[in-house]
$ cat my_file39.tsv   # TSV, C-alpha atoms
chain	number	residue	atom	x	y	z
A	1	MET	CA	49.23	-0.89	38.10
A	2	ALA	CA	49.58	-3.70	40.55
A	3	ASP	CA	48.41	-6.70	38.55
A	4	THR	CA	51.87	-7.43	37.20
A	5	VAL	CA	53.31	-7.81	40.68
A	6	LEU	CA	50.30	-9.40	42.36
A	7	PHE	CA	51.31	-12.91	41.34
A	8	GLU	CA	54.86	-12.37	42.55
A	9	PHE	CA	53.75	-11.02	45.92
A	10	LEU	CA	51.34	-13.89	46.38
A	11	HIS	CA	53.98	-16.44	45.38
A	12	THR	CA	56.41	-14.97	47.91
A	13	GLU	CA	53.82	-15.22	50.68
A	14	MET	CA	52.95	-18.76	49.69
A	15	VAL	CA	56.57	-19.88	49.86
A	16	ALA	CA	57.09	-18.13	53.19
A	17	GLU	CA	53.94	-19.63	54.63
A	18	LEU	CA	54.69	-23.19	53.56
A	19	TRP	CA	58.26	-22.91	54.79
A	20	ALA	CA	57.18	-21.48	58.12
A	21	HIS	CA	54.97	-24.50	58.72
A	22	ASP	CA	57.79	-26.99	58.20
A	23	PRO	CA	56.62	-29.66	60.65
A	24	ASP	CA	60.02	-31.31	61.04
A	25	PRO	CA	62.76	-28.67	61.09
A	26	GLY	CA	65.33	-30.74	62.94
A	27	SER	CA	65.98	-33.67	60.64
A	28	GLY	CA	68.40	-32.12	58.20
A	29	VAL	CA	70.08	-34.51	55.77
A	30	SER	CA	73.34	-33.13	54.51
A	31	ALA	CA	74.25	-35.84	52.06
A	32	GLY	CA	75.53	-34.92	48.62
A	33	PRO	CA	76.98	-31.73	47.22
A	34	ARG	CA	75.09	-28.45	47.25
A	35	GLY	CA	72.19	-29.24	44.97
A	36	GLU	CA	68.47	-28.78	44.71
A	37	GLU	CA	67.53	-30.72	47.79
A	38	ALA	CA	70.82	-31.26	49.54
A	39	GLY	CA	70.44	-30.42	53.18
A	40	ALA	CA	66.67	-30.11	52.90
A	41	THR	CA	64.69	-31.50	55.81
A	42	LYS	CA	61.87	-33.96	55.31
A	43	GLY	CA	59.37	-31.16	55.96
A	44	GLN	CA	61.06	-28.89	53.44
A	45	LYS	CA	60.96	-31.62	50.81
A	46	MET	CA	57.25	-31.96	51.52
A	47	SER	CA	56.85	-28.19	51.11
A	48	LEU	CA	58.65	-28.39	47.77
A	49	SER	CA	56.29	-31.08	46.54
A	50	VAL	CA	53.29	-29.13	47.84
A	51	LEU	CA	54.45	-26.04	45.93
A	52	GLU	CA	55.10	-28.15	42.86
A	53	GLY	CA	51.61	-29.67	43.12
A	54	MET	CA	50.03	-26.21	43.35
A	55	GLY	CA	52.01	-25.12	40.31
A	56	PHE	CA	50.95	-28.24	38.44
A	57	ARG	CA	47.25	-27.56	38.98
A	58	VAL	CA	47.60	-23.86	38.10
A	59	GLY	CA	49.52	-24.90	34.96
A	60	GLN	CA	46.76	-27.34	34.03
A	61	ALA	CA	44.12	-24.68	34.55
A	62	LEU	CA	46.06	-22.13	32.50
A	63	GLY	CA	46.54	-24.77	29.79
A	64	GLU	CA	42.78	-25.23	29.60
A	65	ARG	CA	42.32	-21.51	29.03
A	66	LEU	CA	44.62	-21.31	26.02
A	67	PRO	CA	43.13	-20.01	22.79
A	68	ARG	CA	41.95	-22.89	20.60
A	69	GLU	CA	44.21	-22.06	17.69
A	70	THR	CA	47.34	-22.41	19.79
A	71	LEU	CA	46.40	-26.00	20.59
A	72	ALA	CA	47.02	-27.11	16.99
A	73	PHE	CA	50.72	-27.77	17.54
A	74	ARG	CA	52.40	-29.90	14.95
A	75	GLU	CA	55.51	-30.84	16.85
A	76	GLU	CA	56.80	-31.16	20.37
A	77	LEU	CA	59.16	-28.25	19.73
A	78	ASP	CA	56.19	-26.01	18.87
A	79	VAL	CA	54.70	-26.73	22.28
A	80	LEU	CA	57.97	-25.84	24.02
A	81	LYS	CA	58.23	-22.62	22.01
A	82	PHE	CA	54.70	-21.80	23.05
A	83	LEU	CA	55.59	-22.24	26.73
A	84	CYS	CA	58.65	-20.01	26.30
A	85	LYS	CA	56.65	-17.25	24.65
A	86	ASP	CA	52.94	-17.17	25.44
A	87	LEU	CA	52.86	-18.92	28.80
A	88	TRP	CA	55.93	-17.09	30.13
A	89	VAL	CA	54.52	-13.71	29.04
A	90	ALA	CA	51.17	-14.51	30.63
A	91	VAL	CA	52.75	-15.38	33.96
A	92	PHE	CA	55.93	-13.30	34.09
A	93	GLN	CA	55.39	-10.53	31.49
A	94	LYS	CA	58.55	-11.54	29.66
A	95	GLN	CA	59.71	-14.26	27.29
A	96	MET	CA	62.13	-17.02	28.17
A	97	ASP	CA	65.63	-16.00	27.05
A	98	SER	CA	66.68	-19.18	25.30
A	99	LEU	CA	65.50	-22.67	24.41
A	100	ARG	CA	67.89	-25.47	23.54
A	101	THR	CA	67.28	-29.12	22.76
A	102	ASN	CA	69.25	-32.26	21.98
A	103	HIS	CA	66.41	-33.28	19.61
A	104	GLN	CA	65.95	-36.42	21.69
A	105	GLY	CA	63.32	-35.20	24.10
A	106	THR	CA	65.45	-33.03	26.39
A	107	TYR	CA	64.88	-29.27	26.41
A	108	VAL	CA	66.67	-26.60	28.40
A	109	LEU	CA	64.73	-23.37	28.92
A	110	GLN	CA	66.89	-20.56	30.26
A	111	ASP	CA	65.65	-17.37	31.91
A	112	ASN	CA	68.52	-14.95	32.52
A	113	SER	CA	66.56	-12.89	35.05
A	114	PHE	CA	63.89	-15.15	36.45
A	115	PRO	CA	61.38	-12.81	38.14
A	116	LEU	CA	60.80	-15.00	41.21
A	117	LEU	CA	64.54	-14.94	41.95
A	118	LEU	CA	65.06	-11.22	41.28
A	119	PRO	CA	64.20	-10.07	44.82
A	120	MET	CA	67.23	-12.03	46.04
A	121	ALA	CA	70.68	-10.56	45.66
A	122	SER	CA	72.67	-11.62	42.62
A	123	GLY	CA	75.58	-13.98	43.00
A	124	LEU	CA	76.16	-17.09	45.03
A	125	GLN	CA	75.40	-16.19	48.62
A	126	TYR	CA	71.70	-17.11	48.64
A	127	LEU	CA	71.92	-20.03	46.24
A	128	GLU	CA	70.71	-22.49	48.87
A	129	GLU	CA	67.47	-20.56	49.18
A	130	ALA	CA	66.68	-20.84	45.47
A	131	PRO	CA	64.94	-24.25	45.22
A	132	LYS	CA	61.85	-23.15	47.12
A	133	PHE	CA	61.33	-20.32	44.62
A	134	LEU	CA	61.51	-22.74	41.67
A	135	ALA	CA	59.23	-25.60	42.73
A	136	PHE	CA	55.97	-23.85	41.85
A	137	THR	CA	57.21	-22.94	38.38
A	138	CYS	CA	58.47	-26.48	37.68
A	139	GLY	CA	54.96	-27.67	38.49
A	140	LEU	CA	53.48	-24.93	36.31
A	141	LEU	CA	55.43	-26.11	33.24
A	142	HIS	CA	54.66	-29.76	34.03
A	143	GLY	CA	50.93	-29.00	34.39
A	144	ALA	CA	50.71	-26.95	31.20
A	145	LEU	CA	52.51	-29.70	29.25
A	146	CYS	CA	50.16	-32.28	30.76
A	147	THR	CA	47.08	-30.35	29.56
A	148	LEU	CA	48.68	-30.19	26.12
A	149	GLY	CA	48.97	-33.98	26.16
A	150	ILE	CA	52.69	-34.29	26.86
A	151	GLU	CA	54.11	-36.27	29.77
A	152	SER	CA	57.29	-34.73	31.15
A	153	VAL	CA	59.73	-34.45	34.01
A	154	VAL	CA	60.62	-30.85	34.84
A	155	THR	CA	63.52	-29.81	37.06
A	156	ALA	CA	65.24	-26.49	37.65
A	157	SER	CA	68.76	-25.47	38.48
A	158	VAL	CA	70.49	-22.23	39.37
A	159	ALA	CA	74.21	-21.73	38.94
A	160	ALA	CA	74.25	-17.99	39.68
A	161	LEU	CA	71.29	-15.83	40.67
A	162	PRO	CA	69.08	-14.70	38.97
A	163	VAL	CA	69.83	-16.99	36.00
A	164	CYS	CA	67.65	-20.09	36.01
A	165	LYS	CA	67.52	-23.16	33.78
A	166	PHE	CA	64.47	-25.37	33.53
A	167	GLN	CA	65.10	-28.82	32.10
A	168	VAL	CA	62.16	-30.59	30.49
A	169	VAL	CA	62.62	-34.28	29.70
A	170	ILE	CA	59.94	-35.90	27.58
A	171	PRO	CA	60.19	-39.70	27.65
A	172	LYS	CA	59.94	-41.28	24.21
A	173	SER	CA	56.89	-43.50	23.88
B	174	MET	CA	45.72	-14.14	28.04
B	175	ALA	CA	46.11	-15.89	31.31
B	176	ASP	CA	47.33	-13.13	33.58
B	177	THR	CA	43.81	-12.09	34.54
B	178	VAL	CA	43.02	-15.53	35.89
B	179	LEU	CA	46.43	-16.41	37.29
B	180	PHE	CA	45.74	-14.73	40.62
B	181	GLU	CA	42.38	-16.47	40.93
B	182	PHE	CA	43.85	-19.91	40.16
B	183	LEU	CA	46.66	-19.37	42.63
B	184	HIS	CA	44.24	-18.16	45.31
B	185	THR	CA	42.07	-21.26	44.81
B	186	GLU	CA	45.09	-23.53	45.21
B	187	MET	CA	46.24	-21.65	48.27
B	188	VAL	CA	42.86	-22.01	49.98
B	189	ALA	CA	42.66	-25.71	49.07
B	190	GLU	CA	46.19	-26.34	50.32
B	191	LEU	CA	45.74	-24.58	53.64
B	192	TRP	CA	42.39	-26.29	54.21
B	193	ALA	CA	43.81	-29.71	53.35
B	194	HIS	CA	46.46	-29.32	56.04
B	195	ASP	CA	43.92	-28.61	58.75
B	196	PRO	CA	45.79	-30.21	61.66
B	197	ASP	CA	42.74	-30.62	63.86
B	198	PRO	CA	39.73	-31.64	61.76
B	199	GLY	CA	37.76	-33.31	64.52
B	200	SER	CA	37.14	-30.48	66.98
B	201	GLY	CA	34.14	-28.81	65.37
B	202	VAL	CA	32.47	-26.10	67.40
B	203	SER	CA	28.90	-25.59	66.34
B	204	ALA	CA	28.01	-22.67	68.58
B	205	GLY	CA	26.10	-19.74	67.21
B	206	PRO	CA	24.03	-19.29	64.07
B	207	ARG	CA	25.44	-19.83	60.61
B	208	GLY	CA	28.05	-17.12	60.44
B	209	GLU	CA	31.61	-16.55	59.38
B	210	GLU	CA	33.20	-18.96	61.77
B	211	ALA	CA	30.30	-20.95	63.14
B	212	GLY	CA	31.17	-24.62	63.04
B	213	ALA	CA	34.77	-23.92	62.09
B	214	THR	CA	37.36	-26.15	63.72
B	215	LYS	CA	40.37	-24.73	65.53
B	216	GLY	CA	42.53	-25.68	62.54
B	217	GLN	CA	40.20	-23.98	60.12
B	218	LYS	CA	40.23	-20.81	62.20
B	219	MET	CA	44.01	-20.91	62.07
B	220	SER	CA	43.85	-21.34	58.29
B	221	LEU	CA	41.57	-18.31	58.07
B	222	SER	CA	44.02	-16.20	60.03
B	223	VAL	CA	46.93	-17.50	57.94
B	224	LEU	CA	45.08	-16.54	54.75
B	225	GLU	CA	44.22	-13.16	56.24
B	226	GLY	CA	47.87	-12.62	57.19
B	227	MET	CA	49.03	-13.43	53.67
B	228	GLY	CA	46.43	-11.01	52.28
B	229	PHE	CA	47.58	-8.35	54.73
B	230	ARG	CA	51.20	-8.55	53.59
B	231	VAL	CA	50.24	-8.60	49.90
B	232	GLY	CA	47.97	-5.59	50.54
B	233	GLN	CA	50.83	-3.77	52.27
B	234	ALA	CA	53.17	-4.54	49.37
B	235	LEU	CA	50.62	-3.39	46.80
B	236	GLY	CA	50.05	-0.24	48.85
B	237	GLU	CA	53.73	0.54	48.67
B	238	ARG	CA	53.64	0.31	44.88
B	239	LEU	CA	50.88	2.89	44.47
B	240	PRO	CA	51.63	5.88	42.28
B	241	ARG	CA	52.81	8.82	44.39
B	242	GLU	CA	50.02	11.14	43.37
B	243	THR	CA	47.33	8.81	44.65
B	244	LEU	CA	48.83	8.98	48.10
B	245	ALA	CA	47.80	12.61	48.52
B	246	PHE	CA	44.34	11.76	49.85
B	247	ARG	CA	42.55	14.54	51.61
B	248	GLU	CA	39.94	12.51	53.42
B	249	GLU	CA	39.30	9.00	54.69
B	250	LEU	CA	36.50	8.66	52.14
B	251	ASP	CA	38.99	9.35	49.32
B	252	VAL	CA	41.08	6.41	50.50
B	253	LEU	CA	38.06	4.11	50.52
B	254	LYS	CA	37.07	5.26	47.03
B	255	PHE	CA	40.60	4.52	45.90
B	256	LEU	CA	40.38	0.96	47.22
B	257	CYS	CA	37.03	0.46	45.48
B	258	LYS	CA	38.37	1.70	42.17
B	259	ASP	CA	42.12	1.37	41.64
B	260	LEU	CA	42.97	-1.45	44.04
B	261	TRP	CA	39.96	-3.55	43.03
B	262	VAL	CA	40.71	-3.10	39.32
B	263	ALA	CA	44.35	-4.02	39.89
B	264	VAL	CA	43.46	-7.23	41.68
B	265	PHE	CA	40.11	-8.25	40.21
B	266	GLN	CA	39.87	-6.30	36.91
B	267	LYS	CA	36.60	-4.73	38.01
B	268	GLN	CA	35.43	-1.95	40.30
B	269	MET	CA	33.57	-2.47	43.55
B	270	ASP	CA	29.83	-2.09	42.88
B	271	SER	CA	28.91	0.18	45.76
B	272	LEU	CA	30.36	2.02	48.74
B	273	ARG	CA	28.25	3.20	51.65
B	274	THR	CA	29.19	4.88	54.90
B	275	ASN	CA	27.53	6.10	58.09
B	276	HIS	CA	30.05	8.99	58.13
B	277	GLN	CA	31.23	7.76	61.52
B	278	GLY	CA	34.03	5.49	60.42
B	279	THR	CA	32.05	2.51	59.14
B	280	TYR	CA	32.12	1.70	55.43
B	281	VAL	CA	30.36	-1.07	53.55
B	282	LEU	CA	31.93	-2.06	50.24
B	283	GLN	CA	29.68	-4.29	48.16
B	284	ASP	CA	30.75	-6.45	45.23
B	285	ASN	CA	27.74	-7.98	43.47
B	286	SER	CA	29.78	-10.64	41.70
B	287	PHE	CA	32.92	-11.13	43.76
B	288	PRO	CA	35.35	-12.97	41.46
B	289	LEU	CA	36.70	-15.34	44.11
B	290	LEU	CA	33.16	-16.56	44.82
B	291	LEU	CA	32.06	-16.84	41.17
B	292	PRO	CA	33.34	-20.41	40.64
B	293	MET	CA	30.82	-21.52	43.29
B	294	ALA	CA	27.19	-21.93	42.33
B	295	SER	CA	24.89	-19.02	43.03
B	296	GLY	CA	22.38	-19.23	45.85
B	297	LEU	CA	22.54	-20.54	49.37
B	298	GLN	CA	23.76	-24.11	49.16
B	299	TYR	CA	27.49	-23.44	49.44
B	300	LEU	CA	27.25	-20.48	51.80
B	301	GLU	CA	29.18	-22.30	54.53
B	302	GLU	CA	32.17	-22.61	52.22
B	303	ALA	CA	32.37	-18.86	51.59
B	304	PRO	CA	34.48	-17.62	54.54
B	305	LYS	CA	37.68	-19.30	53.38
B	306	PHE	CA	37.42	-17.48	50.05
B	307	LEU	CA	37.06	-14.10	51.80
B	308	ALA	CA	39.84	-14.17	54.41
B	309	PHE	CA	42.67	-13.30	52.02
B	310	THR	CA	40.77	-10.32	50.61
B	311	CYS	CA	39.87	-8.99	54.07
B	312	GLY	CA	43.59	-9.05	54.83
B	313	LEU	CA	44.34	-7.38	51.49
B	314	LEU	CA	42.08	-4.40	52.30
B	315	HIS	CA	43.44	-4.23	55.87
B	316	GLY	CA	47.03	-4.27	54.60
B	317	ALA	CA	46.48	-1.63	51.92
B	318	LEU	CA	44.75	0.65	54.46
B	319	CYS	CA	47.63	0.09	56.88
B	320	THR	CA	50.18	1.21	54.29
B	321	LEU	CA	48.04	4.29	53.67
B	322	GLY	CA	48.25	5.08	57.38
B	323	ILE	CA	44.77	4.00	58.41
B	324	GLU	CA	44.10	1.49	61.18
B	325	SER	CA	41.03	-0.63	60.46
B	326	VAL	CA	39.05	-3.76	61.21
B	327	VAL	CA	37.86	-5.51	58.04
B	328	THR	CA	35.24	-8.26	57.97
B	329	ALA	CA	33.25	-9.84	55.17
B	330	SER	CA	29.80	-11.32	54.91
B	331	VAL	CA	27.84	-13.14	52.25
B	332	ALA	CA	24.05	-13.32	52.27
B	333	ALA	CA	23.68	-14.94	48.83
B	334	LEU	CA	26.46	-16.00	46.48
B	335	PRO	CA	28.19	-14.34	44.68
B	336	VAL	CA	27.28	-11.04	46.39
B	337	CYS	CA	29.80	-10.05	49.02
B	338	LYS	CA	29.96	-7.18	51.51
B	339	PHE	CA	33.20	-6.02	53.10
B	340	GLN	CA	32.78	-3.94	56.23
B	341	VAL	CA	35.61	-1.59	57.12
B	342	VAL	CA	35.51	-0.03	60.58
B	343	ILE	CA	38.00	2.73	61.28
B	344	PRO	CA	38.28	3.54	64.99
B	345	LYS	CA	38.16	7.26	65.75
B	346	SER	CA	41.36	8.49	67.34

$ encode --input "my_file39.tsv" --output "structure tokens"
Amino acid sequence: MADTVLFEFLHTEMVAELWAHDPDPGSGVSAGPRGEEAGATKGQKMSLSVLEGMGFRVGQALGERLPRETLAFREELDVLKFLCKDLWVAVFQKQMDSLRTNHQGTYVLQDNSFPLLLPMASGLQYLEEAPKFLAFTCGLLHGALCTLGIESVVTASVAALPVCKFQVVIPKS
Amino acid sequence: MADTVLFEFLHTEMVAELWAHDPDPGSGVSAGPRGEEAGATKGQKMSLSVLEGMGFRVGQALGERLPRETLAFREELDVLKFLCKDLWVAVFQKQMDSLRTNHQGTYVLQDNSFPLLLPMASGLQYLEEAPKFLAFTCGLLHGALCTLGIESVVTASVAALPVCKFQVVIPKS
């Protein structure tokens, strides 16, 4: 009964705990428009990178547990499709809603009701709170891609809760 | 595929992260025999209580998600049996191995292969590392009992990895 929500509860606690221990709450930097880290303090930025690092290592570990047959991907796009289906189902019990690419190494993965944002009200009023609920998952995608042999830069953006876009950029070698 | 291990990976990262941020690593206190907190620094004790607090809140939240019919427990022992079966399966995909009681409010729940200790080698050599992998689960039991209306004190002990005993003491009112 509870295993589907266990991860979400634990993630919520983890975010709350890391935010609560912000060692430097006073040094807000309000440069730039409302964006992922605009107005974040130094301590909050550190918390974001800590969350992202945890996600990265969990993503790596999950990547190592994938069934052998799924590792025989022919193309980059197959790997991204795999993340959108299998990985997303394993972690969030749902598939990603859409995957778009410019066929030049940039992919946009869109989840129209991202589970880690669902507890927040829909709309714009809590938009500033969103980045801390996305950092772990950015790391998770980055880590899983890394285990599958693909270097990447993963960022997330939210225009209106609970819709979330993850952008994966894979540098051409 | 991965949802059964996701919680365990995340728990491992959480313990590592909280331990890494030990703000006071130098003040070891080596009083007492090898026990749960013997030799633990002030920072490590704080980490233990942070982990326990996170477990408590997750346990409370899981408790609130229980099916209605399971909440109609007649006796204290029914509640403990429920934790050993349903809660344990939900979190660890296995049942507790044994439950004993003195019929005076003290219960000993024994797991012969506690999943969060399994990654460590069996035997005695890493026994000192065990407490940090037990704090969250102590809190989890405490929190679930709290939601079910039962005040308790929950502690854990390990005599040989990966066997773990959780002691639940319920004060008589």

$ interface_residues --input "my_file39.tsv" --of "chain A" --to "chain B" --cutoff "10 Å" --atoms "only C-alpha atoms" --output "PyMOL selection string"
chain A and resi 1-14+16-18+50-51+53-55+57-59+61-63+65-67+86-93

$ residues_around --input "my_file39.tsv" --residues "range 117-119 of chain A" --least-positions-apart "4" --cutoff "9 Å" --atoms "all atoms listed in the file" --output "ChimeraX atom specification"
/A:113,130,133-134,161-164

$ atom_distance --input "my_file39.tsv" --atom1 "CA of Pro288 in chain B" --atom2 "CA of Lys254 in chain B"
19.1 Å

$ closest_residue --input "my_file39.tsv" --among "B:His276, B:Lys258, B:Asp284, B:Thr310" --to "Val188 in chain B" --atoms "all atoms listed in the file"
B:Thr310

$ atom_distance --input "my_file39.tsv" --atom1 "CA of Cys138 in chain A" --atom2 "CA of Glu225 in chain B"
26.9 Å

$ closest_residue --input "my_file39.tsv" --among "A:Lys42, A:Arg74, A:Lys165, A:Lys172" --to "Ser98 in chain A" --atoms "only C-alpha atoms"
A:Lys165

$ atom_distance --input "my_file39.tsv" --atom1 "CA of Gln283 in chain B" --atom2 "CA of Asp270 in chain B"
5.7 Å

$ closest_residue --input "my_file39.tsv" --among "A:Phe114, A:Tyr107, A:Phe136, A:Tyr126" --to "Ile170 in chain A" --atoms "only C-alpha atoms"
A:Tyr107

$ closest_residue --input "my_file39.tsv" --among "A:Glu76, A:Ala20, A:Thr101, A:Ala135" --to "Ser157 in chain A" --atoms "all atoms listed in the file"
A:Ala135

$ closest_residue --input "my_file39.tsv" --among "B:Leu289, B:Leu300, B:Leu314, B:Leu221" --to "Val326 in chain B" --atoms "only C-alpha atoms"
B:Leu314

$ closest_residue --input "my_file39.tsv" --among "A:Met120, A:Val154, A:Gln167, A:Leu148" --to "Asp78 in chain A" --atoms "all atoms listed in the file"
A:Leu148

$ residues_around --input "my_file39.tsv" --residues "Ser325 in chain B" --least-positions-apart "4" --cutoff "7 Å" --atoms "only C-alpha atoms" --output "list in words"
His315, Val341, Val342, Ile343 and Pro344 of chain B

$ write_last_selection --input "my_file39.tsv" --atoms "C-alpha atoms" --output "PDB file, in the frame of the given file"
ATOM      1  CA  HIS B 315      43.440  -4.230  55.870  1.00  0.00           C
ATOM      2  CA  VAL B 341      35.610  -1.590  57.120  1.00  0.00           C
ATOM      3  CA  VAL B 342      35.510  -0.030  60.580  1.00  0.00           C
ATOM      4  CA  ILE B 343      38.000   2.730  61.280  1.00  0.00           C
ATOM      5  CA  PRO B 344      38.280   3.540  64.990  1.00  0.00           C
TER       6      PRO B 344
END

$ build_atoms --input "my_file39.tsv" --residues "range 104-116 of chain A" --atoms "N, CA, C and O atoms" --output "tab-separated table (two decimals), in the coordinates of the input"
chain	number	residue	atom	x	y	z
A	104	GLN	N	66.28	-35.06	21.25
A	104	GLN	CA	65.95	-36.42	21.69
A	104	GLN	C	65.06	-36.35	22.93
A	104	GLN	O	65.14	-37.23	23.81
A	105	GLY	N	64.28	-35.28	23.01
A	105	GLY	CA	63.32	-35.20	24.10
A	105	GLY	C	63.78	-34.41	25.31
A	105	GLY	O	63.06	-34.30	26.30
A	106	THR	N	64.98	-33.85	25.27
A	106	THR	CA	65.45	-33.03	26.39
A	106	THR	C	65.55	-31.56	25.94
A	106	THR	O	66.15	-31.27	24.91
A	107	TYR	N	64.92	-30.70	26.73
A	107	TYR	CA	64.88	-29.27	26.41
A	107	TYR	C	65.42	-28.48	27.60
A	107	TYR	O	65.10	-28.82	28.74
A	108	VAL	N	66.20	-27.47	27.33
A	108	VAL	CA	66.67	-26.60	28.40
A	108	VAL	C	66.17	-25.18	28.13
A	108	VAL	O	66.50	-24.57	27.11
A	109	LEU	N	65.33	-24.70	29.05
A	109	LEU	CA	64.73	-23.37	28.92
A	109	LEU	C	65.48	-22.46	29.89
A	109	LEU	O	65.49	-22.72	31.10
A	110	GLN	N	66.09	-21.43	29.38
A	110	GLN	CA	66.89	-20.56	30.26
A	110	GLN	C	66.30	-19.16	30.38
A	110	GLN	O	66.00	-18.50	29.38
A	111	ASP	N	66.11	-18.73	31.64
A	111	ASP	CA	65.65	-17.37	31.91
A	111	ASP	C	66.81	-16.65	32.61
A	111	ASP	O	67.20	-17.04	33.71
A	112	ASN	N	67.33	-15.62	31.97
A	112	ASN	CA	68.52	-14.95	32.52
A	112	ASN	C	68.21	-14.02	33.69
A	112	ASN	O	69.12	-13.61	34.42
A	113	SER	N	66.94	-13.69	33.87
A	113	SER	CA	66.56	-12.89	35.05
A	113	SER	C	65.18	-13.33	35.48
A	113	SER	O	64.20	-12.63	35.32
A	114	PHE	N	65.16	-14.53	36.05
A	114	PHE	CA	63.89	-15.15	36.45
A	114	PHE	C	63.21	-14.30	37.54
A	114	PHE	O	63.78	-14.09	38.62
A	115	PRO	N	62.01	-13.79	37.25
A	115	PRO	CA	61.38	-12.81	38.14
A	115	PRO	C	61.25	-13.26	39.59
A	115	PRO	O	61.38	-12.43	40.50
A	116	LEU	N	61.00	-14.55	39.83
A	116	LEU	CA	60.80	-15.00	41.21
A	116	LEU	C	62.11	-15.09	41.98
A	116	LEU	O	62.11	-15.25	43.20
